[in-house]
file data.cif (mmCIF, C-alpha atoms)
data_input
loop_
_atom_site.group_PDB
_atom_site.id
_atom_site.type_symbol
_atom_site.label_atom_id
_atom_site.label_comp_id
_atom_site.auth_asym_id
_atom_site.auth_seq_id
_atom_site.Cartn_x
_atom_site.Cartn_y
_atom_site.Cartn_z
ATOM 1 C CA MET K 1 28.948 -22.473 38.244
ATOM 2 C CA ALA K 2 29.083 -19.004 39.830
ATOM 3 C CA GLU K 3 26.167 -17.968 42.037
ATOM 4 C CA THR K 4 25.042 -14.338 42.021
ATOM 5 C CA VAL K 5 24.766 -13.050 45.596
ATOM 6 C CA LEU K 6 22.630 -9.969 46.094
ATOM 7 C CA CYS K 7 23.419 -7.788 49.061
ATOM 8 C CA SER K 8 24.596 -4.275 49.730
ATOM 9 C CA ILE K 9 28.120 -5.115 50.886
ATOM 10 C CA ALA K 10 30.697 -3.232 48.848
ATOM 11 C CA ASN K 11 33.396 -5.235 47.071
ATOM 12 C CA LEU K 12 31.948 -8.676 47.743
ATOM 13 C CA ARG K 13 32.579 -11.613 45.454
ATOM 14 C CA ALA K 14 31.348 -15.102 46.242
ATOM 15 C CA GLU K 15 31.912 -18.141 44.064
ATOM 16 C CA ASN K 16 31.559 -21.858 44.312
ATOM 17 C CA GLY K 17 33.291 -24.611 42.442
ATOM 18 C CA PRO K 18 33.264 -28.354 42.101
ATOM 19 C CA ALA K 19 33.860 -30.306 45.289
ATOM 20 C CA SER K 20 34.035 -34.021 45.895
ATOM 21 C CA ALA K 21 31.096 -35.341 47.883
ATOM 22 C CA HIS K 22 30.006 -38.748 49.036
ATOM 23 C CA VAL K 23 26.347 -37.924 48.417
ATOM 24 C CA ALA K 24 24.990 -37.492 44.901
ATOM 25 C CA ASP K 25 23.382 -34.083 44.371
ATOM 26 C CA TRP K 26 20.362 -35.692 42.720
ATOM 27 C CA LEU K 27 19.361 -36.828 46.198
ATOM 28 C CA ALA K 28 18.246 -33.255 46.856
ATOM 29 C CA ALA K 29 15.356 -34.108 44.492
ATOM 30 C CA SER K 30 15.356 -30.601 43.095
ATOM 31 C CA VAL K 31 17.248 -28.133 40.994
ATOM 32 C CA ALA K 32 20.243 -26.285 42.429
ATOM 33 C CA ASN K 33 18.101 -23.335 43.584
ATOM 34 C CA VAL K 34 16.808 -25.223 46.608
ATOM 35 C CA TYR K 35 20.113 -26.183 48.155
ATOM 36 C CA HIS K 36 21.790 -22.908 47.129
ATOM 37 C CA ALA K 37 19.075 -20.978 48.983
ATOM 38 C CA PHE K 38 19.348 -23.322 51.978
ATOM 39 C CA GLY K 39 23.136 -22.977 52.136
ATOM 40 C CA ILE K 40 23.217 -19.206 51.671
ATOM 41 C CA HIS K 41 20.498 -18.506 54.205
ATOM 42 C CA SER K 42 21.789 -21.019 56.736
ATOM 43 C CA PHE K 43 25.079 -19.112 56.634
ATOM 44 C CA ALA K 44 23.291 -15.736 56.850
ATOM 45 C CA ASP K 45 21.400 -17.058 59.885
ATOM 46 C CA GLU K 46 24.691 -18.037 61.525
ATOM 47 C CA LEU K 47 26.062 -14.545 60.829
ATOM 48 C CA ALA K 48 22.940 -12.963 62.349
ATOM 49 C CA HIS K 49 23.234 -15.187 65.413
ATOM 50 C CA ALA K 50 26.948 -14.356 65.814
ATOM 51 C CA ALA K 51 26.080 -10.656 65.602
ATOM 52 C CA GLY K 52 23.269 -11.030 68.154
ATOM 53 C CA ARG K 53 20.730 -9.938 65.547
ATOM 54 C CA ASP K 54 17.289 -11.120 64.473
ATOM 55 C CA SER K 55 17.624 -13.187 61.280
ATOM 56 C CA VAL K 56 14.830 -11.401 59.382
ATOM 57 C CA GLU K 57 16.136 -7.944 60.265
ATOM 58 C CA TYR K 58 19.655 -9.061 59.341
ATOM 59 C CA LEU K 59 18.523 -10.249 55.892
ATOM 60 C CA LEU K 60 16.594 -7.026 55.327
ATOM 61 C CA GLN K 61 19.734 -5.035 56.156
ATOM 62 C CA LEU K 62 21.817 -7.198 53.803
ATOM 63 C CA LEU K 63 19.371 -6.427 50.984
ATOM 64 C CA GLY K 64 20.098 -2.733 51.393
ATOM 65 C CA PRO K 65 17.860 -0.116 49.798
ATOM 66 C CA ASP K 66 15.074 -1.092 47.426
ATOM 67 C CA ARG K 67 16.456 -1.105 43.902
ATOM 68 C CA ILE K 68 16.510 -2.910 40.588
ATOM 69 C CA ILE K 69 19.889 -4.589 40.122
ATOM 70 C CA PRO K 70 21.281 -3.187 36.843
ATOM 71 C CA LYS K 71 21.880 -5.885 34.269
ATOM 72 C CA ASN K 72 25.514 -4.834 33.905
ATOM 73 C CA GLU K 73 26.108 -5.659 37.610
ATOM 74 C CA ILE K 74 25.286 -9.354 37.238
ATOM 75 C CA ALA K 75 27.189 -12.070 35.407
ATOM 76 C CA LYS K 76 27.260 -11.487 31.648
ATOM 77 C CA ASP K 77 26.103 -15.052 31.027
ATOM 78 C CA TYR K 78 23.225 -14.874 33.559
ATOM 79 C CA PRO K 79 20.371 -16.582 31.678
ATOM 80 C CA ASN K 80 17.506 -15.088 33.772
ATOM 81 C CA TYR K 81 15.583 -18.315 33.157
ATOM 82 C CA ASP K 82 15.092 -17.212 29.540
ATOM 83 C CA GLY K 83 13.048 -14.206 30.703
ATOM 84 C CA ASN K 84 13.649 -10.738 29.292
ATOM 85 C CA TYR K 85 15.655 -8.862 31.955
ATOM 86 C CA GLU K 86 13.805 -5.602 31.343
ATOM 87 C CA GLN K 87 10.509 -7.383 32.039
ATOM 88 C CA TYR K 88 11.840 -9.624 34.850
ATOM 89 C CA PRO K 89 14.690 -7.765 36.577
ATOM 90 C CA ILE K 90 16.134 -8.646 39.970
ATOM 91 C CA ASP K 91 14.203 -6.364 42.325
ATOM 92 C CA THR K 92 15.277 -6.128 45.968
ATOM 93 C CA ALA K 93 11.935 -4.527 46.930
ATOM 94 C CA ARG K 94 10.203 -7.767 45.914
ATOM 95 C CA PHE K 95 12.658 -9.730 48.062
ATOM 96 C CA ARG K 96 11.850 -7.393 50.957
ATOM 97 C CA ARG K 97 8.079 -7.802 50.506
ATOM 98 C CA VAL K 98 8.139 -11.598 50.234
ATOM 99 C CA LEU K 99 10.453 -11.932 53.248
ATOM 100 C CA THR K 100 8.371 -9.548 55.357
ATOM 101 C CA LEU K 101 5.125 -11.314 54.417
ATOM 102 C CA ALA K 102 6.538 -14.782 55.149
ATOM 103 C CA ALA K 103 7.820 -13.608 58.556
ATOM 104 C CA GLU K 104 4.460 -12.039 59.363
ATOM 105 C CA LYS K 105 2.479 -15.143 58.346
ATOM 106 C CA ALA K 106 4.843 -17.389 60.347
ATOM 107 C CA GLY K 107 4.425 -15.310 63.502
ATOM 108 C CA TRP K 108 8.114 -14.418 63.443
ATOM 109 C CA GLY K 109 9.409 -13.138 66.773
ATOM 110 C CA LYS K 110 6.392 -14.243 68.821
ATOM 111 C CA GLN K 111 8.251 -17.141 70.410
ATOM 112 C CA GLN K 112 11.899 -17.524 71.370
ATOM 113 C CA SER K 113 13.899 -20.489 70.103
ATOM 114 C CA GLY K 114 14.708 -23.162 72.652
ATOM 115 C CA ASN K 115 12.997 -25.950 74.579
ATOM 116 C CA GLY K 116 12.381 -27.934 71.398
ATOM 117 C CA TYR K 117 11.254 -24.932 69.332
ATOM 118 C CA GLY K 118 13.154 -23.309 66.497
ATOM 119 C CA ILE K 119 12.357 -21.274 63.424
ATOM 120 C CA GLY K 120 14.382 -20.261 60.386
ATOM 121 C CA VAL K 121 13.893 -18.124 57.334
ATOM 122 C CA ALA K 122 15.107 -18.082 53.747
ATOM 123 C CA MET K 123 14.272 -16.169 50.587
ATOM 124 C CA HIS K 124 15.264 -16.832 47.022
ATOM 125 C CA ARG K 125 14.485 -15.959 43.429
ATOM 126 C CA SER K 126 13.843 -19.095 41.433
ATOM 127 C CA PHE K 127 12.503 -19.288 37.879
ATOM 128 C CA LEU K 128 11.582 -15.553 37.933
ATOM 129 C CA THR K 129 9.569 -16.027 41.147
ATOM 130 C CA TYR K 130 10.423 -14.567 44.539
ATOM 131 C CA VAL K 131 9.928 -17.032 47.366
ATOM 132 C CA ALA K 132 10.449 -17.050 51.124
ATOM 133 C CA THR K 133 9.957 -19.772 53.655
#
call {"tool": "encode", "arguments": {"input": "data.cif", "output": "structure tokens"}}
result
Amino acid sequence: MAETVLCSIANLRAENGPASAHVADWLAASVANVYHAFGIHSFADELAHAAGRDSVEYLLQLLGPDRIIPKNEIAKDYPNYDGNYEQYPIDTARFRRVLTLAAEKAGWGKQQSGNGYGIGVAMHRSFLTYVAT
């Protein structure tokens, strides 16, 4: 199953395919959205760290300018959770707002990681809802 990745990097294509694993995916106790979001944002966090950047600011930069992703720029078979795309489009401004609010509520940046303290961030669109944690 191909995963749609939303960022403002020109000429980017990311896909995933079947891979043998010794752990059944049902052990995640959720639909694929949860571990896709975890995997994507864990990797984005590693990229931010390698670049010496704040993870939230890095994700905001990856989102690029606020825009509605045109339907013709996503996979033709994208089901949009059975929602009408004109009514429920992919909106990067909503990603930006939910990420910014989650960071604010978590006190992002008020304490440095280390000495037994760490903090991470992820955002995702799941079942027509924008979430960040």
call {"tool": "resolve_selection", "arguments": {"input": "data.cif", "expression": "the PyMOL selection byres ((chain K and resi 121) around 12)", "output": "JSON, numbers by chain"}}
result
{"K": [37, 38, 39, 40, 41, 42, 43, 44, 45, 46, 48, 54, 55, 56, 57, 58, 59, 60, 98, 99, 100, 101, 102, 103, 104, 105, 106, 107, 108, 109, 118, 119, 120, 122, 123, 124, 131, 132, 133]}
call {"tool": "resolve_selection", "arguments": {"input": "data.cif", "expression": "the PyMOL selection byres ((chain K and resi 69-82) around 8)", "output": "PyMOL selection string"}}
result
chain K and resi 4+67-68+83-85+88-92+127-128
call {"tool": "write_last_selection", "arguments": {"input": "data.cif", "atoms": "C-alpha atoms", "output": "PDB file, in the frame of the given file"}}
result
ATOM      1  CA  THR K   4      25.042 -14.338  42.021  1.00  0.00           C
ATOM      2  CA  ARG K  67      16.456  -1.105  43.902  1.00  0.00           C
ATOM      3  CA  ILE K  68      16.510  -2.910  40.588  1.00  0.00           C
ATOM      4  CA  GLY K  83      13.048 -14.206  30.703  1.00  0.00           C
ATOM      5  CA  ASN K  84      13.649 -10.738  29.292  1.00  0.00           C
ATOM      6  CA  TYR K  85      15.655  -8.862  31.955  1.00  0.00           C
ATOM      7  CA  TYR K  88      11.840  -9.624  34.850  1.00  0.00           C
ATOM      8  CA  PRO K  89      14.690  -7.765  36.577  1.00  0.00           C
ATOM      9  CA  ILE K  90      16.134  -8.646  39.970  1.00  0.00           C
ATOM     10  CA  ASP K  91      14.203  -6.364  42.325  1.00  0.00           C
ATOM     11  CA  THR K  92      15.277  -6.128  45.968  1.00  0.00           C
ATOM     12  CA  PHE K 127      12.503 -19.288  37.879  1.00  0.00           C
ATOM     13  CA  LEU K 128      11.582 -15.553  37.933  1.00  0.00           C
TER      14      LEU K 128
END
call {"tool": "atom_distance", "arguments": {"input": "data.cif", "atom1": "CA of Gly17 in chain K", "atom2": "CA of Ser126 in chain K"}}
result
20.2 Å
call {"tool": "atom_distance", "arguments": {"input": "data.cif", "atom1": "CA of Leu47 in chain K", "atom2": "CA of Gly64 in chain K"}}
result
16.3 Å
call {"tool": "axis_aligned_box", "arguments": {"input": "data.cif", "around": "range 77-83 of chain K", "padding_each_side": "8 Å", "output": "JSON"}}
result
{"center_x": 19.6, "center_y": -16.3, "center_z": 31.7, "size_x": 29.1, "size_y": 20.1, "size_z": 20.2}
call {"tool": "decode", "arguments": {"input": "data.cif", "residues": "range 37-118 of chain K", "atoms": "C-alpha atoms", "output": "mmCIF file, in the first residue's frame"}}
result
data_model
loop_
_atom_site.group_PDB
_atom_site.id
_atom_site.type_symbol
_atom_site.label_atom_id
_atom_site.label_comp_id
_atom_site.auth_asym_id
_atom_site.auth_seq_id
_atom_site.Cartn_x
_atom_site.Cartn_y
_atom_site.Cartn_z
ATOM 1 C CA ALA K 37 2.571 8.368 11.764
ATOM 2 C CA PHE K 38 5.038 7.062 14.361
ATOM 3 C CA GLY K 39 7.477 5.846 11.702
ATOM 4 C CA ILE K 40 7.278 8.953 9.522
ATOM 5 C CA HIS K 41 7.660 11.389 12.390
ATOM 6 C CA SER K 42 10.372 9.387 14.129
ATOM 7 C CA PHE K 43 12.351 9.657 10.892
ATOM 8 C CA ALA K 44 11.545 13.382 10.545
ATOM 9 C CA ASP K 45 12.763 13.864 14.126
ATOM 10 C CA GLU K 46 16.031 12.119 13.263
ATOM 11 C CA LEU K 47 16.425 14.388 10.221
ATOM 12 C CA ALA K 48 15.785 17.471 12.377
ATOM 13 C CA HIS K 49 18.323 16.279 14.937
ATOM 14 C CA ALA K 50 20.925 15.583 12.219
ATOM 15 C CA ALA K 51 20.349 19.089 10.855
ATOM 16 C CA GLY K 52 20.654 20.637 14.329
ATOM 17 C CA ARG K 53 17.078 21.900 14.102
ATOM 18 C CA ASP K 54 14.096 21.991 16.446
ATOM 19 C CA SER K 55 11.700 19.166 15.521
ATOM 20 C CA VAL K 56 8.553 21.333 15.506
ATOM 21 C CA GLU K 57 10.159 24.041 13.378
ATOM 22 C CA TYR K 58 11.528 21.365 11.044
ATOM 23 C CA LEU K 59 8.064 19.835 10.540
ATOM 24 C CA LEU K 60 6.548 23.266 9.943
ATOM 25 C CA GLN K 61 9.178 23.932 7.269
ATOM 26 C CA LEU K 62 8.507 20.539 5.658
ATOM 27 C CA LEU K 63 4.809 21.426 5.414
ATOM 28 C CA GLY K 64 5.693 24.444 3.305
ATOM 29 C CA PRO K 65 3.153 27.189 2.663
ATOM 30 C CA ASP K 66 -0.454 26.825 3.759
ATOM 31 C CA ARG K 67 -2.411 25.258 0.923
ATOM 32 C CA ILE K 68 -5.067 22.743 -0.007
ATOM 33 C CA ILE K 69 -3.438 19.765 -1.720
ATOM 34 C CA PRO K 70 -5.149 19.490 -5.133
ATOM 35 C CA LYS K 71 -6.915 16.183 -5.590
ATOM 36 C CA ASN K 72 -4.961 15.496 -8.776
ATOM 37 C CA GLU K 73 -1.687 15.573 -6.769
ATOM 38 C CA ILE K 74 -2.601 12.603 -4.575
ATOM 39 C CA ALA K 75 -2.985 8.951 -5.507
ATOM 40 C CA LYS K 76 -5.906 8.375 -7.876
ATOM 41 C CA ASP K 77 -7.217 5.585 -5.654
ATOM 42 C CA TYR K 78 -6.951 7.635 -2.420
ATOM 43 C CA PRO K 79 -10.232 6.802 -0.649
ATOM 44 C CA ASN K 80 -10.263 9.863 1.685
ATOM 45 C CA TYR K 81 -12.023 7.684 4.263
ATOM 46 C CA ASP K 82 -15.157 7.829 2.094
ATOM 47 C CA GLY K 83 -15.379 11.604 2.617
ATOM 48 C CA ASN K 84 -16.022 13.969 -0.277
ATOM 49 C CA TYR K 85 -12.629 15.516 -1.132
ATOM 50 C CA GLU K 86 -14.134 18.933 -1.827
ATOM 51 C CA GLN K 87 -15.642 18.941 1.673
ATOM 52 C CA TYR K 88 -12.674 17.236 3.401
ATOM 53 C CA PRO K 89 -9.512 18.159 1.475
ATOM 54 C CA ILE K 90 -5.971 17.750 2.764
ATOM 55 C CA ASP K 91 -5.201 21.183 4.214
ATOM 56 C CA THR K 92 -1.650 21.966 5.336
ATOM 57 C CA ALA K 93 -2.866 25.000 7.329
ATOM 58 C CA ARG K 94 -4.829 22.619 9.566
ATOM 59 C CA PHE K 95 -1.696 20.507 10.035
ATOM 60 C CA ARG K 96 0.186 23.677 10.988
ATOM 61 C CA ARG K 97 -2.477 24.748 13.508
ATOM 62 C CA VAL K 98 -2.778 21.356 15.206
ATOM 63 C CA LEU K 99 1.009 20.958 15.429
ATOM 64 C CA THR K 100 1.494 24.473 16.798
ATOM 65 C CA LEU K 101 -1.280 24.015 19.371
ATOM 66 C CA ALA K 102 0.046 20.631 20.531
ATOM 67 C CA ALA K 103 3.567 22.075 20.917
ATOM 68 C CA GLU K 104 2.217 25.045 22.855
ATOM 69 C CA LYS K 105 0.106 22.884 25.194
ATOM 70 C CA ALA K 106 3.057 20.523 25.785
ATOM 71 C CA GLY K 107 5.374 23.381 26.740
ATOM 72 C CA TRP K 108 7.597 22.620 23.760
ATOM 73 C CA GLY K 109 11.068 24.129 24.043
ATOM 74 C CA LYS K 110 10.825 24.987 27.748
ATOM 75 C CA GLN K 111 13.123 22.153 28.784
ATOM 76 C CA GLN K 112 16.088 20.587 27.014
ATOM 77 C CA SER K 113 16.202 16.838 26.445
ATOM 78 C CA GLY K 114 18.631 14.901 28.601
ATOM 79 C CA ASN K 115 19.031 13.727 32.189
ATOM 80 C CA GLY K 116 16.067 11.370 31.875
ATOM 81 C CA TYR K 117 13.840 13.858 30.033
ATOM 82 C CA GLY K 118 12.797 13.690 26.405
#
